[in-house]
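K.L.:
Enclosed is the structure file entry_11.cif (mmCIF, C-alpha atoms and all ligand atoms).
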data_query
#
loop_
_atom_site.label_atom_id
_atom_site.label_comp_id
_atom_site.auth_asym_id
_atom_site.auth_seq_id
_atom_site.Cartn_x
_atom_site.Cartn_y
_atom_site.Cartn_z
CA MET A 1 100.12 162.23 109.69
CA PHE A 2 98.73 164.48 106.96
CA GLU A 3 100.12 167.68 105.57
CA LEU A 4 98.17 170.60 104.26
CA ARG A 5 100.13 172.64 101.72
CA LEU A 6 99.32 176.14 100.59
CA LEU A 7 100.90 179.15 98.91
CA ALA A 8 100.81 182.51 100.66
CA PRO A 9 102.13 185.95 99.75
CA GLU A 10 104.63 187.37 102.23
CA GLU A 11 102.13 189.67 104.01
CA ARG A 12 99.74 186.73 104.71
CA VAL A 13 102.26 184.25 106.11
CA GLU A 14 102.02 185.32 109.74
CA ALA A 15 98.19 185.38 109.88
CA VAL A 16 97.86 182.05 108.06
CA SER A 17 100.49 180.41 110.31
CA GLU A 18 98.77 181.69 113.46
CA ALA A 19 95.41 180.38 112.21
CA LEU A 20 96.88 176.96 111.39
CA ASP A 21 98.41 176.85 114.86
CA ALA A 22 95.00 177.65 116.41
CA LEU A 23 93.47 174.90 114.24
CA ASP A 24 95.63 172.20 115.90
CA ALA A 25 98.46 171.93 113.38
CA LEU A 26 101.29 169.97 115.03
CA SER A 27 103.93 171.94 113.16
CA ILE A 28 104.05 174.64 110.51
CA SER A 29 106.96 175.18 108.17
CA VAL A 30 107.47 178.07 105.76
CA GLU A 31 109.73 177.79 102.73
CA ASP A 32 110.49 179.84 99.65
CA ALA A 33 108.02 178.53 97.05
CA ASP A 34 110.58 179.58 94.43
CA ALA A 35 113.49 177.70 96.03
CA GLN A 36 115.85 176.11 93.46
CA THR A 37 114.53 178.42 90.72
CA PRO A 38 116.00 181.68 89.37
CA ALA A 39 113.36 183.52 91.50
CA GLU A 40 114.74 182.08 94.76
CA GLN A 41 115.32 184.77 97.43
CA ALA A 42 117.89 184.66 100.21
CA LEU A 43 116.28 185.40 103.60
CA PHE A 44 118.41 185.32 106.72
CA GLY A 45 119.06 187.47 109.78
CA GLU A 46 122.18 188.27 111.75
CA PRO A 47 123.51 185.25 113.70
CA GLY A 48 121.14 184.64 116.62
CA MET A 49 118.53 187.08 115.30
CA PRO A 50 115.21 186.21 113.61
CA PRO A 51 115.00 186.73 109.83
CA PRO A 52 114.00 190.27 108.80
CA LYS A 53 110.63 189.11 107.32
CA GLU A 54 108.05 186.44 108.17
CA GLY A 55 108.15 184.84 104.74
CA TRP A 56 109.13 185.03 101.12
CA GLN A 57 107.33 186.85 98.35
CA ARG A 58 105.73 183.48 97.50
CA SER A 59 105.88 181.24 100.54
CA LEU A 60 105.04 177.55 100.67
CA VAL A 61 103.34 176.89 104.01
CA VAL A 62 103.14 173.26 105.13
CA ALA A 63 101.09 172.35 108.21
CA LEU A 64 101.22 168.91 109.75
CA PHE A 65 98.08 167.35 111.25
CA ALA A 66 97.58 164.16 113.23
CA GLU A 67 94.47 163.20 111.20
CA GLU A 68 93.18 163.85 107.69
CA LYS A 69 89.86 165.09 109.13
CA LEU A 70 91.64 167.89 111.04
CA ALA A 71 93.59 168.97 107.94
CA ARG A 72 90.36 169.10 105.88
CA GLU A 73 88.55 171.07 108.58
CA ALA A 74 91.43 173.54 108.74
CA ALA A 75 91.34 173.99 104.95
CA THR A 76 87.54 174.51 104.99
CA LEU A 77 87.78 177.08 107.77
CA LEU A 78 90.73 178.96 106.26
CA GLU A 79 89.52 179.42 102.70
CA PRO A 80 86.66 181.93 103.34
CA GLN A 81 88.71 184.11 105.72
CA ASP A 82 89.67 187.68 104.68
CA PHE A 83 93.30 187.06 105.57
CA PHE A 84 93.37 184.10 103.16
CA ALA A 85 92.91 186.44 100.18
CA GLY A 86 95.81 185.92 97.76
CA CYS A 87 96.59 182.48 99.25
CA LYS A 88 96.09 179.24 97.36
CA LEU A 89 95.37 175.81 98.78
CA LEU A 90 97.58 173.21 97.08
CA GLY A 91 96.20 170.08 98.72
CA ILE A 92 96.27 167.60 101.58
CA GLN A 93 98.42 164.51 101.43
CA PRO A 94 99.49 161.70 103.76
CA VAL A 95 103.05 161.84 105.11
CA PRO A 96 104.79 158.48 104.74
CA ASP A 97 105.89 156.93 108.04
CA GLN A 98 109.63 157.19 108.71
CA ASP A 99 111.68 155.43 111.33
CA TRP A 100 113.14 158.69 112.65
CA VAL A 101 115.24 156.98 115.29
CA ARG A 102 116.90 154.74 112.71
CA LEU A 103 117.32 157.65 110.30
CA THR A 104 119.01 159.80 112.97
CA GLN A 105 121.18 156.95 114.17
CA SER A 106 122.32 156.15 110.64
CA GLN A 107 123.89 159.64 110.46
CA PHE A 108 126.22 159.00 113.42
CA GLU A 109 128.96 156.49 112.89
CA PRO A 110 131.92 155.82 115.20
CA VAL A 111 134.54 158.59 114.88
CA GLU A 112 138.25 157.73 114.85
CA ILE A 113 140.45 160.10 116.87
CA THR A 114 143.56 157.91 116.68
CA PRO A 115 143.63 154.30 115.46
CA SER A 116 143.09 153.16 119.07
CA PHE A 117 140.84 155.97 120.39
CA TRP A 118 137.26 156.21 119.15
CA ILE A 119 134.00 158.03 119.88
CA VAL A 120 131.25 155.44 119.54
CA PRO A 121 127.46 155.98 119.71
CA THR A 122 125.70 153.55 122.04
CA TRP A 123 123.96 151.78 119.14
CA HIS A 124 127.32 150.75 117.63
CA GLU A 125 129.88 148.19 118.76
CA PRO A 126 133.35 149.74 119.21
CA PRO A 127 135.78 148.83 116.39
CA ALA A 128 138.14 145.95 117.24
CA ALA A 129 141.21 148.25 117.29
CA ALA A 130 139.68 150.63 119.85
CA GLN A 131 141.50 150.55 123.19
CA GLU A 132 140.02 153.79 124.52
CA VAL A 133 136.38 154.56 123.77
CA ILE A 134 134.04 157.41 124.66
CA ARG A 135 130.40 156.30 124.38
CA LEU A 136 128.42 159.33 123.27
CA ASP A 137 125.10 159.90 121.55
CA PRO A 138 124.20 163.17 119.84
CA GLY A 139 122.27 165.42 122.23
CA LEU A 140 121.50 169.08 122.81
CA ALA A 141 125.07 170.07 123.73
CA PHE A 142 127.88 170.53 121.19
CA GLY A 143 130.55 167.85 121.01
CA THR A 144 129.94 164.50 119.35
CA GLY A 145 133.44 164.16 117.93
CA THR A 146 132.34 164.90 114.39
CA HIS A 147 133.66 168.50 114.41
CA PRO A 148 137.34 169.06 113.53
CA THR A 149 137.86 171.34 116.57
CA THR A 150 136.73 168.62 118.98
CA ARG A 151 138.77 165.96 117.16
CA MET A 152 141.96 168.04 117.32
CA CYS A 153 141.54 168.59 121.07
CA LEU A 154 140.94 164.88 121.61
CA ARG A 155 143.98 164.00 119.51
CA TRP A 156 146.06 166.37 121.65
CA ILE A 157 144.73 164.67 124.81
CA ALA A 158 145.54 161.22 123.42
CA ASN A 159 149.06 162.28 122.46
CA HIS A 160 149.81 164.06 125.76
CA ALA A 161 148.00 161.66 128.13
CA PRO A 162 147.34 163.98 131.11
CA ARG A 163 147.90 161.14 133.61
CA GLY A 164 147.29 162.17 137.23
CA GLN A 165 146.73 165.80 136.20
CA ARG A 166 144.24 168.42 137.31
CA VAL A 167 142.42 169.40 134.09
CA LEU A 168 139.97 172.20 133.23
CA ASP A 169 137.58 171.86 130.27
CA TYR A 170 136.29 175.42 129.74
CA GLY A 171 133.19 175.40 127.48
CA CYS A 172 132.58 171.70 127.98
CA GLY A 173 129.42 171.24 125.84
CA SER A 174 128.73 167.50 125.94
CA GLY A 175 131.77 167.03 128.22
CA ILE A 176 133.59 165.11 125.51
CA LEU A 177 137.02 166.67 126.21
CA ALA A 178 136.73 166.25 129.98
CA ILE A 179 135.71 162.62 129.50
CA GLY A 180 138.59 162.15 127.04
CA ALA A 181 141.00 163.60 129.63
CA ALA A 182 139.63 161.16 132.22
CA LYS A 183 140.08 158.22 129.82
CA PHE A 184 143.73 159.24 129.45
CA GLY A 185 144.33 159.35 133.16
CA ALA A 186 143.47 162.86 134.40
CA SER A 187 142.55 162.49 138.04
CA ASP A 188 140.81 165.76 138.99
CA ILE A 189 138.66 167.32 136.27
CA ASP A 190 136.50 170.44 136.26
CA ALA A 191 134.19 170.87 133.25
CA VAL A 192 132.38 174.20 132.97
CA ASP A 193 129.99 175.88 130.56
CA ILE A 194 127.74 178.96 130.49
CA ASP A 195 124.89 176.75 129.26
CA GLU A 196 123.15 174.77 132.00
CA ALA A 197 121.94 172.19 129.46
CA ALA A 198 125.60 171.53 128.62
CA VAL A 199 126.41 171.07 132.31
CA ARG A 200 123.61 168.47 132.65
CA SER A 201 124.69 166.79 129.44
CA THR A 202 128.29 166.60 130.71
CA GLU A 203 127.11 164.99 133.95
CA ASP A 204 124.98 162.45 132.06
CA ASN A 205 127.76 161.60 129.61
CA ALA A 206 130.34 161.29 132.38
CA ARG A 207 128.06 158.84 134.21
CA ALA A 208 127.48 156.85 131.02
CA ASN A 209 131.27 156.58 130.61
CA SER A 210 131.90 155.71 134.29
CA VAL A 211 134.05 158.80 134.64
CA THR A 212 134.27 161.10 137.67
CA LEU A 213 134.37 164.85 137.07
CA ASN A 214 132.96 168.09 138.49
CA ALA A 215 130.60 169.82 136.04
CA GLY A 216 129.23 173.30 136.64
CA LEU A 217 128.90 176.90 135.56
CA PRO A 218 132.15 178.82 134.87
CA ASP A 219 132.60 179.98 138.47
CA ARG A 220 133.18 176.36 139.39
CA ALA A 221 136.66 176.65 137.84
CA GLY A 222 139.13 177.50 140.57
CA GLY A 223 142.88 177.51 141.09
CA LYS A 224 145.53 176.12 138.81
CA TYR A 225 145.34 173.22 136.37
CA GLN A 226 148.13 171.38 134.59
CA THR A 227 145.99 171.34 131.44
CA VAL A 228 143.37 173.91 130.41
CA LEU A 229 141.30 173.01 127.35
CA ALA A 230 138.94 175.51 125.71
CA ASN A 231 137.18 174.81 122.43
CA ILE A 232 134.97 177.87 122.08
CA LEU A 233 135.44 180.44 119.27
CA ALA A 234 138.10 183.07 118.54
CA THR A 235 136.20 186.08 119.93
CA PRO A 236 135.32 184.62 123.36
CA LEU A 237 138.77 183.02 123.54
CA LYS A 238 140.35 186.46 123.14
CA VAL A 239 138.08 187.92 125.85
CA LEU A 240 138.85 184.99 128.13
CA ALA A 241 142.65 185.22 127.63
CA PRO A 242 143.54 186.59 131.11
CA LEU A 243 141.15 184.19 132.86
CA LEU A 244 142.24 181.05 130.98
CA ALA A 245 145.95 181.87 131.22
CA ALA A 246 145.58 182.50 134.97
CA HIS A 247 144.20 178.98 135.43
CA VAL A 248 147.26 177.29 133.89
CA ALA A 249 149.77 176.04 136.47
CA PRO A 250 153.48 176.83 135.93
CA GLY A 251 154.78 174.24 133.45
CA GLY A 252 151.19 173.44 132.42
CA SER A 253 149.53 173.48 128.98
CA LEU A 254 146.92 175.71 127.42
CA VAL A 255 145.00 174.12 124.53
CA LEU A 256 142.68 176.32 122.47
CA ALA A 257 140.35 175.43 119.59
CA GLY A 258 137.43 176.90 117.69
CA ILE A 259 139.89 179.09 115.77
CA LEU A 260 140.06 179.48 111.98
CA SER A 261 143.51 179.41 110.34
CA ARG A 262 143.27 183.07 109.43
CA GLN A 263 142.65 184.01 113.08
CA ALA A 264 145.99 182.63 114.35
CA ASP A 265 147.72 186.03 114.60
CA GLU A 266 144.82 187.65 116.50
CA LEU A 267 144.94 184.85 119.05
CA LYS A 268 148.72 185.02 119.39
CA ALA A 269 148.44 188.77 120.06
CA ALA A 270 145.65 188.37 122.62
CA TYR A 271 147.63 185.76 124.58
CA ALA A 272 151.07 187.40 124.14
CA PRO A 273 151.03 188.99 127.63
CA TYR A 274 150.68 185.52 129.18
CA CYS A 275 152.22 182.92 126.87
CA GLN A 276 153.39 182.16 123.36
CA LEU A 277 150.64 180.37 121.46
CA GLN A 278 151.67 178.09 118.58
CA VAL A 279 149.61 176.40 115.91
CA SER A 280 149.99 172.72 116.70
CA ASP A 281 147.33 171.05 114.52
CA GLU A 282 145.13 171.94 111.57
CA GLU A 283 142.05 170.31 110.06
CA ASP A 284 139.57 171.62 107.47
CA GLY A 285 140.56 175.26 107.95
CA TRP A 286 140.41 175.04 111.77
CA ILE A 287 143.55 175.20 113.94
CA LEU A 288 144.56 174.00 117.38
CA MET A 289 146.70 176.50 119.28
CA THR A 290 148.72 175.47 122.30
CA ALA A 291 151.17 177.01 124.73
CA ALA A 292 153.38 175.73 127.50
CA LEU A 293 153.40 178.12 130.45
C1 LIG A 301 132.18 174.54 120.38
S1 LIG A 301 131.43 174.04 121.89
C2 LIG A 301 132.67 172.91 122.47
C3 LIG A 301 132.12 171.74 123.22
C4 LIG A 301 133.17 170.68 123.59
N1 LIG A 301 134.11 171.18 124.54
C5 LIG A 301 133.91 170.18 122.36
O1 LIG A 301 135.12 170.37 122.28
O2 LIG A 301 133.27 169.59 121.47
C6 LIG A 301 131.66 175.48 122.86
C7 LIG A 301 130.99 175.45 124.23
O3 LIG A 301 131.44 176.59 124.95
C8 LIG A 301 130.38 177.15 125.66
N2 LIG A 301 130.72 178.58 125.86
C9 LIG A 301 130.64 179.59 124.98
N3 LIG A 301 131.08 180.74 125.53
C10 LIG A 301 131.47 180.43 126.79
C11 LIG A 301 132.01 181.18 127.88
N4 LIG A 301 132.23 182.49 127.76
N5 LIG A 301 132.27 180.54 129.03
C12 LIG A 301 132.05 179.22 129.15
N6 LIG A 301 131.52 178.45 128.17
C13 LIG A 301 131.23 179.04 127.00
C14 LIG A 301 129.16 176.90 124.80
O4 LIG A 301 127.98 176.92 125.58
C15 LIG A 301 129.48 175.53 124.19
O5 LIG A 301 128.92 174.49 124.95
#
How would this structure read if it were set down as structure tokens?
Ligand SMILES: C[S@@+](CC[C@H](N)C(=O)[O-])C[C@H]1O[C@@H](n2cnc3c(N)ncnc32)[C@H](O)[C@@H]1O

P.N.:
Amino acid sequence: MFELRLLAPEERVEAVSEALDALDALSISVEDADAQTPAEQALFGEPGMPPPKEGWQRSLVVALFAEEKLAREAATLLEPQDFFAGCKLLGIQPVPDQDWVRLTQSQFEPVEITPSFWIVPTWHEPPAAAQEVIRLDPGLAFGTGTHPTTRMCLRWIANHAPRGQRVLDYGCGSGILAIGAAKFGASDIDAVDIDEAAVRSTEDNARANSVTLNAGLPDRAGGKYQTVLANILATPLKVLAPLLAAHVAPGGSLVLAGILSRQADELKAAYAPYCQLQVSDEEDGWILMTAAL
């Protein structure tokens, strides 16, 4: 692989990027050419929205090509164009080969939930002390066990062992909580998510862990469950309060995560008509809130 690097003023970034794309660049990245200097500019949009501008006042544009010849041709074609005025070619250089698989894998180590319960990527052997193990590789859906909210839910599952219970995992992501519930004896598990990719991921991960569960979109949840788990975020959890509470069987447990410590009172108020939520765990500024119905 070879990368062609150039500087472009903000108003040229879009045209130059489109031209590089048309000239067979495999990828194009745009960075602040003044990053890590006093002239660095913050550029970000609202969550989920694109940034307000295409580039920075001085943008570094890096285009990746499969062959050096293609990168050179692109540079030769770009330079005389009107829209290249004000841009500056910095050069073409080979990109050293990386073992991306190994690099990615090296960032995911086994995660301890309790001394005997571990989340272990498939390229690792489980630790000797592990009696319960979820085999899980990072994928598109949230939930590898590295986030405190997931860990607190799994710790709750390990400590409360929902043996023989009907369990609902609402916002299942990778399915990690549903699979954890199955490992600790739950016998009838529904795992739902608004994201179809998460539903597929949950099915794949359940199969890889030899666990039986029903994954689907939220309308798959039906009736009462002895345990309802939802690791989403405070705002959707507040909106979902009547629905989640209605799914908890009398004497059952509601387990909520994705909540920051400072949001505890808002959550208590939202669930007050149905149950009394308590903070039952805390990690890195995140809390686990639970209620017995
Ligand atoms: C933080 S992830 C949690 C994943 C996993 N349960 C865990 O504990 O690691 C939240 C998941 O909830 C899903 N989600 C968000 N809003 C939802 C809603 N209103 N109904 C159902 N799922 C929702 C997201 O698609 C995402 O997969």

K.L.:
Please compute the CA of Ala221 (chain A)-CA of Ser280 (chain A) distance, one decimal, in Å.

P.N.:
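Computing the Euclidean distance for CA of Ala221 (chain A) and CA of Ser280 (chain A) yields 25.3 Å.
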
K.L.:
How would you write, as a ChimeraX atom specification, the set of residues no farther than 8 Å from ligand LIG 301 (chain A) when counting only C-alpha atoms and all ligand atoms?

P.N.:
/A:141-145,147,149-151,153,169-178,192-195,198,217-218,229-233,236-237,240,257-258

K.L.:
If you count all atoms listed in the file, which residues fall within 9 Å of region 102-107 of chain A, apart from same-chain ones fewer than 5 positions away, as a short mmCIF file (atom, residue, chain, number, x, y, z; two decimals) with C-alpha atoms, in the coordinates of the input?

P.N.:
data_model
loop_
_atom_site.label_atom_id
_atom_site.label_comp_id
_atom_site.auth_asym_id
_atom_site.auth_seq_id
_atom_site.Cartn_x
_atom_site.Cartn_y
_atom_site.Cartn_z
CA PRO A 121 127.46 155.98 119.71
CA TRP A 123 123.96 151.78 119.14
CA ASP A 137 125.10 159.90 121.55
CA PRO A 138 124.20 163.17 119.84
#

K.L.:
Go through region 50-147 of chain A and flag each residue having an atom no more than 12 Å from region 37-40 of chain A; for those, report the closest pair of atoms plus their distance in Å to one decimal, using only C-alpha atoms, ordered by chain and rising number, as CSV.

P.N.:
residue,atom,partner,partner_atom,distance
A:Trp56,CA,A:Glu40,CA,9.0
A:Gln57,CA,A:Glu40,CA,9.5
A:Arg58,CA,A:Glu40,CA,9.5
A:Ser59,CA,A:Glu40,CA,10.6

K.L.:
So, counting only C-alpha atoms, which residue among A:His160, A:Arg155, A:Ala85, A:Lys183 is closest to Glu282 (chain A)?

P.N.:
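Of A:His160, A:Arg155, A:Ala85, A:Lys183, the one nearest Glu282 (chain A), counting only C-alpha atoms, is A:Arg155.
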
K.L.:
What is the CA of Leu213 (chain A)-CA of Ser187 (chain A) distance in Å, reported with one decimal?

P.N.:
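Atom-to-atom, CA of Leu213 (chain A) and CA of Ser187 (chain A) are spaced 8.6 Å apart.
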
K.L.:
For a cut-off of 12 Å around (145.7, 183.9, 137.5), file coordinates, pick out all residues using all atoms listed in the file and list them as a list of chain:residue names.

P.N.:
A:Ala221, A:Gly222, A:Gly223, A:Lys224, A:Tyr225, A:Leu240, A:Ala241, A:Pro242, A:Leu243, A:Leu244, A:Ala245, A:Ala246, A:His247, A:Val248, A:Ala249, A:Pro250, A:Tyr274, A:Leu293

K.L.:
Between CA of Ala75 (chain A) and CA of Gly91 (chain A), what is the spacing in Å?

P.N.:
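Taking CA of Gly91 (chain A) and CA of Ala75 (chain A), their separation equals 8.8 Å.
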
K.L.:
In terms of the shortest atom-to-atom distance over only C-alpha atoms, which of A:Leu7, A:Ala130, A:Val239, A:Leu26 is closest to Ala270 (chain A)?

P.N.:
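The answer is A:Val239, which sits nearest to Ala270 (chain A).
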
K.L.:
For Leu4 (chain A), please output as a list in words all residues within 10 Å (counting all atoms listed in the file; exclusion window: fewer than 6 positions along the same chain).

P.N.:
Leu20, Ala25, Ile28, Val61, Val62, Ala63, Leu64, Phe65, Glu68, Leu70, Ala71, Arg72, Ala74, Ala75, Leu89, Leu90, Gly91, Ile92, Gln93 and Pro94 of chain A

K.L.:
Go through A:Thr227, A:Ser261, A:Thr146, A:Thr122 one by one, measure the shortest atom-to-atom distance of each to Asn209 (chain A) using all atoms listed in the file, and give the residue with the smallest value.

P.N.:
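Answer, going by the shortest atom-to-atom distance: A:Thr122.
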
K.L.:
For region 75-108 of chain A, write N, CA and C atoms out as a PDB file, in the first residue's frame.

P.N.:
ATOM      1  N   ALA A  75      -1.578  11.917  -8.257  1.00  0.00           N
ATOM      2  CA  ALA A  75      -0.906  13.190  -7.962  1.00  0.00           C
ATOM      3  C   ALA A  75      -0.730  13.996  -9.252  1.00  0.00           C
ATOM      4  N   THR A  76      -0.338  13.322 -10.341  1.00  0.00           N
ATOM      5  CA  THR A  76      -0.097  14.013 -11.619  1.00  0.00           C
ATOM      6  C   THR A  76      -1.399  14.612 -12.150  1.00  0.00           C
ATOM      7  N   LEU A  77      -2.488  13.861 -11.981  1.00  0.00           N
ATOM      8  CA  LEU A  77      -3.771  14.365 -12.487  1.00  0.00           C
ATOM      9  C   LEU A  77      -4.340  15.490 -11.631  1.00  0.00           C
ATOM     10  N   LEU A  78      -4.096  15.420 -10.318  1.00  0.00           N
ATOM     11  CA  LEU A  78      -4.677  16.418  -9.416  1.00  0.00           C
ATOM     12  C   LEU A  78      -4.026  17.798  -9.552  1.00  0.00           C
ATOM     13  N   GLU A  79      -2.694  17.787  -9.654  1.00  0.00           N
ATOM     14  CA  GLU A  79      -1.950  19.049  -9.503  1.00  0.00           C
ATOM     15  C   GLU A  79      -2.417  20.168 -10.441  1.00  0.00           C
ATOM     16  N   PRO A  80      -2.681  19.872 -11.752  1.00  0.00           N
ATOM     17  CA  PRO A  80      -3.070  20.989 -12.640  1.00  0.00           C
ATOM     18  C   PRO A  80      -4.532  21.428 -12.526  1.00  0.00           C
ATOM     19  N   GLN A  81      -5.334  20.743 -11.691  1.00  0.00           N
ATOM     20  CA  GLN A  81      -6.761  21.068 -11.641  1.00  0.00           C
ATOM     21  C   GLN A  81      -6.997  22.400 -10.923  1.00  0.00           C
ATOM     22  N   ASP A  82      -8.058  23.118 -11.391  1.00  0.00           N
ATOM     23  CA  ASP A  82      -8.419  24.406 -10.749  1.00  0.00           C
ATOM     24  C   ASP A  82      -8.668  24.213  -9.262  1.00  0.00           C
ATOM     25  N   PHE A  83      -9.429  23.135  -8.937  1.00  0.00           N
ATOM     26  CA  PHE A  83      -9.805  22.964  -7.528  1.00  0.00           C
ATOM     27  C   PHE A  83      -8.619  22.594  -6.640  1.00  0.00           C
ATOM     28  N   PHE A  84      -7.447  22.370  -7.244  1.00  0.00           N
ATOM     29  CA  PHE A  84      -6.263  22.044  -6.437  1.00  0.00           C
ATOM     30  C   PHE A  84      -5.521  23.319  -6.007  1.00  0.00           C
ATOM     31  N   ALA A  85      -5.986  24.473  -6.534  1.00  0.00           N
ATOM     32  CA  ALA A  85      -5.322  25.739  -6.178  1.00  0.00           C
ATOM     33  C   ALA A  85      -5.327  25.889  -4.660  1.00  0.00           C
ATOM     34  N   GLY A  86      -4.188  26.257  -4.098  1.00  0.00           N
ATOM     35  CA  GLY A  86      -4.092  26.431  -2.634  1.00  0.00           C
ATOM     36  C   GLY A  86      -3.733  25.140  -1.919  1.00  0.00           C
ATOM     37  N   CYS A  87      -3.752  24.004  -2.649  1.00  0.00           N
ATOM     38  CA  CYS A  87      -3.366  22.720  -2.032  1.00  0.00           C
ATOM     39  C   CYS A  87      -1.876  22.496  -2.259  1.00  0.00           C
ATOM     40  N   LYS A  88      -1.315  21.606  -1.466  1.00  0.00           N
ATOM     41  CA  LYS A  88       0.124  21.337  -1.615  1.00  0.00           C
ATOM     42  C   LYS A  88       0.376  19.845  -1.458  1.00  0.00           C
ATOM     43  N   LEU A  89       1.007  19.263  -2.484  1.00  0.00           N
ATOM     44  CA  LEU A  89       1.350  17.852  -2.410  1.00  0.00           C
ATOM     45  C   LEU A  89       2.523  17.664  -1.443  1.00  0.00           C
ATOM     46  N   LEU A  90       2.401  16.752  -0.504  1.00  0.00           N
ATOM     47  CA  LEU A  90       3.504  16.542   0.455  1.00  0.00           C
ATOM     48  C   LEU A  90       4.367  15.352   0.067  1.00  0.00           C
ATOM     49  N   GLY A  91       3.774  14.380  -0.630  1.00  0.00           N
ATOM     50  CA  GLY A  91       4.590  13.243  -1.059  1.00  0.00           C
ATOM     51  C   GLY A  91       3.813  11.941  -1.095  1.00  0.00           C
ATOM     52  N   ILE A  92       4.530  10.902  -1.572  1.00  0.00           N
ATOM     53  CA  ILE A  92       3.944   9.555  -1.645  1.00  0.00           C
ATOM     54  C   ILE A  92       4.902   8.644  -0.897  1.00  0.00           C
ATOM     55  N   GLN A  93       4.372   7.827  -0.035  1.00  0.00           N
ATOM     56  CA  GLN A  93       5.260   6.938   0.725  1.00  0.00           C
ATOM     57  C   GLN A  93       4.622   5.576   0.948  1.00  0.00           C
ATOM     58  N   PRO A  94       5.474   4.523   1.034  1.00  0.00           N
ATOM     59  CA  PRO A  94       4.902   3.197   1.283  1.00  0.00           C
ATOM     60  C   PRO A  94       4.356   3.122   2.706  1.00  0.00           C
ATOM     61  N   VAL A  95       3.310   2.315   2.889  1.00  0.00           N
ATOM     62  CA  VAL A  95       2.741   2.095   4.231  1.00  0.00           C
ATOM     63  C   VAL A  95       3.251   0.746   4.717  1.00  0.00           C
ATOM     64  N   PRO A  96       3.964   0.727   5.838  1.00  0.00           N
ATOM     65  CA  PRO A  96       4.507  -0.558   6.299  1.00  0.00           C
ATOM     66  C   PRO A  96       3.394  -1.572   6.563  1.00  0.00           C
ATOM     67  N   ASP A  97       3.644  -2.820   6.216  1.00  0.00           N
ATOM     68  CA  ASP A  97       2.664  -3.884   6.468  1.00  0.00           C
ATOM     69  C   ASP A  97       2.448  -4.046   7.958  1.00  0.00           C
ATOM     70  N   GLN A  98       1.207  -4.260   8.367  1.00  0.00           N
ATOM     71  CA  GLN A  98       0.879  -4.508   9.781  1.00  0.00           C
ATOM     72  C   GLN A  98       0.090  -5.797   9.834  1.00  0.00           C
ATOM     73  N   ASP A  99       0.260  -6.554  10.865  1.00  0.00           N
ATOM     74  CA  ASP A  99      -0.616  -7.701  11.077  1.00  0.00           C
ATOM     75  C   ASP A  99      -1.819  -7.176  11.858  1.00  0.00           C
ATOM     76  N   TRP A 100      -2.852  -6.736  11.099  1.00  0.00           N
ATOM     77  CA  TRP A 100      -3.994  -6.072  11.741  1.00  0.00           C
ATOM     78  C   TRP A 100      -4.737  -7.024  12.655  1.00  0.00           C
ATOM     79  N   VAL A 101      -4.825  -8.290  12.253  1.00  0.00           N
ATOM     80  CA  VAL A 101      -5.556  -9.257  13.078  1.00  0.00           C
ATOM     81  C   VAL A 101      -4.882  -9.369  14.441  1.00  0.00           C
ATOM     82  N   ARG A 102      -3.545  -9.544  14.387  1.00  0.00           N
ATOM     83  CA  ARG A 102      -2.805  -9.682  15.653  1.00  0.00           C
ATOM     84  C   ARG A 102      -2.913  -8.403  16.497  1.00  0.00           C
ATOM     85  N   LEU A 103      -2.823  -7.251  15.804  1.00  0.00           N
ATOM     86  CA  LEU A 103      -2.893  -5.981  16.525  1.00  0.00           C
ATOM     87  C   LEU A 103      -4.247  -5.837  17.226  1.00  0.00           C
ATOM     88  N   THR A 104      -5.336  -6.165  16.495  1.00  0.00           N
ATOM     89  CA  THR A 104      -6.669  -6.062  17.090  1.00  0.00           C
ATOM     90  C   THR A 104      -6.804  -7.038  18.250  1.00  0.00           C
ATOM     91  N   GLN A 105      -6.358  -8.272  18.007  1.00  0.00           N
ATOM     92  CA  GLN A 105      -6.504  -9.290  19.046  1.00  0.00           C
ATOM     93  C   GLN A 105      -5.741  -8.901  20.309  1.00  0.00           C
ATOM     94  N   SER A 106      -4.580  -8.251  20.124  1.00  0.00           N
ATOM     95  CA  SER A 106      -3.753  -7.954  21.291  1.00  0.00           C
ATOM     96  C   SER A 106      -4.458  -6.950  22.214  1.00  0.00           C
ATOM     97  N   GLN A 107      -5.496  -6.247  21.664  1.00  0.00           N
ATOM     98  CA  GLN A 107      -6.191  -5.258  22.499  1.00  0.00           C
ATOM     99  C   GLN A 107      -7.326  -5.886  23.316  1.00  0.00           C
ATOM    100  N   PHE A 108      -7.612  -7.150  23.108  1.00  0.00           N
ATOM    101  CA  PHE A 108      -8.702  -7.802  23.847  1.00  0.00           C
ATOM    102  C   PHE A 108      -8.195  -8.979  24.643  1.00  0.00           C
TER     103      PHE A 108
END
